[in-house]
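Colleague: Below you'll find the structure I mean.
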Amino acid sequence: MTLSHDQAGHGPSTVLLLHSGVCDRRMWDGQFSALAAAGHRVVRCDLRGFGDTPVDAPHTHAEDVRDLLDHLGVERAAVVGSSFGGRVALELAARHPDRVTALALLGSGMPGMEPSAELRAWGAREDALLEAGDLDAAVELNVDTWLGPEAGADARALVREAQRRAFDVQLAAPEEYGPVDPGVTRDELAGIPAPALVAVGAHDLPDFRAVAAELAGLLPAARLLALDWAGHLPALERPDETARLLAAFLAEAAPPRADESTAAPAATAG
């Protein structure tokens, strides 16, 4: 199955955008066209179980993403990942380092991440609401937890809609169709050669601030960027500023290569 996706731009370098676990590909509305205008071919997708991509079999998200790149004829891409999408980006780069030219990780998770007592308590609360069938309350719990103080009404509405869609799709799927953990190790992460921007918000949960510090020390070519205004989802909280910081990083870390395809993609595909 090919992940549902959109494309924009005709540049020789490809940028792949991977959404957080409470959103879908629409979270990149504020960056999608801006990065295309900066000269990139931009692809954003819905991971399996989110947005327009159903759950139809057991799956590994990173391999789904690799298959999408193959489907699009993309040999190498810079990968931008938010939260859970950051974890998927790391798994892709660890297992297929020749496919990833650069990593931009925003409030990223990481393979092997052990949640704090605070985050486990949050997860137990979400589980209890879902088991009680109170999806509306579970959605609001996510909206209130993951958006920082500068998130406006539009951002909250998008997360509310996307998270409800994810609950509906994932809860309807057979349990055996769940994601498979690829088992990426710290040693594999430490071997990722791609330059990496590790950005984290000052208002994010302590778990993700700790992950950012750990990734900055673990990845061989990483730079840590603290965003004093951001919560967990800077792409939704300050879309224009996030687009600018991504464009600046990509211009430096993933300049176009002469041997990369300049073929114009379709405007959208799904």
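Going by the structure tokens order, chains are called A, B, ..., each with residues numbered from 1, while ligands are numbered from 1 in the order shown.
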Give me, as a PyMOL selection string, the residues of stretch 150-226 of chain A that a backbone DSSP run labels alpha helix (DSSP H).

Modeller: chain A and resi 153-172+186-190+206-218

Colleague: So that I can check the surroundings of A:Ala243, please list as a PDB file with C-alpha atoms, in the first residue's frame every protein, DNA and RNA residue that reaches within 9 Å of it, counting only C-alpha atoms and ignoring chain neighbours fewer than 3 positions away.

Modeller:
```pdb
ATOM      1  CA  GLY A  30       2.260  26.399   7.003  1.00  0.00           C
ATOM      2  CA  GLN A  31       5.505  24.975   5.575  1.00  0.00           C
ATOM      3  CA  PHE A  32       4.491  22.892   2.535  1.00  0.00           C
ATOM      4  CA  ALA A  34       6.966  27.768   1.555  1.00  0.00           C
ATOM      5  CA  LEU A  35       9.544  24.992   1.208  1.00  0.00           C
ATOM      6  CA  ALA A 235       4.964  23.925  13.025  1.00  0.00           C
ATOM      7  CA  ARG A 238       4.387  29.647  14.650  1.00  0.00           C
ATOM      8  CA  PRO A 239       4.014  28.303  11.108  1.00  0.00           C
ATOM      9  CA  ASP A 240       5.884  31.079   9.281  1.00  0.00           C
ATOM     10  CA  LEU A 246      13.539  24.792   8.156  1.00  0.00           C
ATOM     11  CA  ALA A 247      14.354  26.540   4.878  1.00  0.00           C
ATOM     12  CA  ALA A 248      17.556  27.988   6.361  1.00  0.00           C
TER      13      ALA A 248
END
```

Colleague: Please identify all polymer residues within 9 Å of stretch 90-103 of chain A, counting only C-alpha atoms, omitting same-chain residues fewer than 2 positions from it, and present them as a PyMOL selection string.

Modeller: chain A and resi 61-63+65-66+69+74-81+85-88+105+109-111+182-185+188-198+222+250+253-254

Colleague: In Å to one decimal, how far is atom CA of A:Gly201 from atom CA of A:Gly231?

Modeller: 4.9 Å

Colleague: When you look at A:Arg44 with a cut-off of 7 Å (counting only C-alpha atoms), what residues show up, excluding the ones that are within fewer than 6 positions of it in the same chain? I need them as JSON, numbers by chain.

Modeller: {"A": [5, 6, 7, 16, 17, 18, 25]}

Colleague: Output the selection as a CSV table (one decimal), in the first residue's frame - C-alpha atoms for each residue.

Modeller:
```
chain,number,residue,atom,x,y,z
A,5,HIS,CA,0.5,12.0,0.1
A,6,ASP,CA,0.8,15.4,-1.6
A,7,GLN,CA,3.6,16.9,-3.6
A,16,LEU,CA,9.8,14.7,3.1
A,17,LEU,CA,7.5,15.9,5.9
A,18,LEU,CA,6.4,13.4,8.6
A,25,ARG,CA,-0.1,15.6,6.9
```

Colleague: For A:Ala166, which of A:Val22, A:Ala8, A:Leu225, A:Val143 is the closest residue, counting only C-alpha atoms?

Modeller: A:Val22

Colleague: Skip A:Arg209 itself and residues of its chain fewer than 5 positions away, then list as number ranges by chain all residues within 8 Å of it, counting only C-alpha atoms.

Modeller: A: 107, 200-202, 204

Colleague: Pull the strand (DSSP E) assignments for stretch 78-202 of chain A out of DSSP run on the backbone, and list those residues as a count of residues only.

Modeller: 18

Colleague: Might you pull out every residue within 6 Å of A:Glu126, with only C-alpha atoms counted and same-chain residues fewer than 3 positions away left off, and present them as JSON, numbers by chain?

Modeller: {"A": [123, 129, 138]}

Colleague: Here is a test: counting only C-alpha atoms, which residue of A:Arg186, A:Arg125, A:His40, A:Arg223 is nearest to A:Gly112?

Modeller: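 Among the listed residues, A:Arg186 lies closest to A:Gly112.
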
Colleague: Go through A:Val15, A:Leu227, A:Ala137, A:Cys23 one by one, measure the shortest atom-to-atom distance of each to A:Ala38 using only C-alpha atoms, and give the residue with the smallest value.

Modeller: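 The closest residue to A:Ala38 is A:Val15.
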
Colleague: List the neighbours of A:Glu237 out to 8 Å using only C-alpha atoms; skip same-chain residues closer than 2 positions along the sequence, and give me the result as JSON, numbers by chain.

Modeller: {"A": [147, 148, 150, 151, 152, 155, 230, 231, 233, 234, 235, 239]}

Colleague: So that I have them on file, write out the residues from the current selection with C-alpha atoms, as a PDB file, in the first residue's frame.

Modeller:
```pdb
ATOM      1  CA  LEU A 147      -0.096  22.553  21.892  1.00  0.00           C
ATOM      2  CA  GLY A 148       1.988  25.363  23.348  1.00  0.00           C
ATOM      3  CA  GLU A 150       1.021  30.443  21.192  1.00  0.00           C
ATOM      4  CA  ALA A 151      -1.233  27.958  19.407  1.00  0.00           C
ATOM      5  CA  GLY A 152      -4.321  29.664  18.048  1.00  0.00           C
ATOM      6  CA  ALA A 155      -4.188  24.981  15.302  1.00  0.00           C
ATOM      7  CA  ALA A 230       7.398  26.787  21.427  1.00  0.00           C
ATOM      8  CA  GLY A 231       5.500  23.912  22.924  1.00  0.00           C
ATOM      9  CA  LEU A 233       4.269  21.418  17.854  1.00  0.00           C
ATOM     10  CA  PRO A 234       6.119  24.510  16.609  1.00  0.00           C
ATOM     11  CA  ALA A 235       4.964  23.925  13.025  1.00  0.00           C
ATOM     12  CA  PRO A 239       4.014  28.303  11.108  1.00  0.00           C
TER      13      PRO A 239
END
```

Colleague: Rounded to one decimal place, report the atom CA of A:Ser4-atom CA of A:Asp52 distance in Å.

Modeller: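 Spanning atom CA of A:Ser4 to atom CA of A:Asp52 is a straight-line distance of 6.0 Å.
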
Colleague: Any idea what the distance is between atom CA of A:Tyr177 and atom CA of A:Thr53?

Modeller: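 Spanning atom CA of A:Tyr177 to atom CA of A:Thr53 is a straight-line distance of 13.3 Å.
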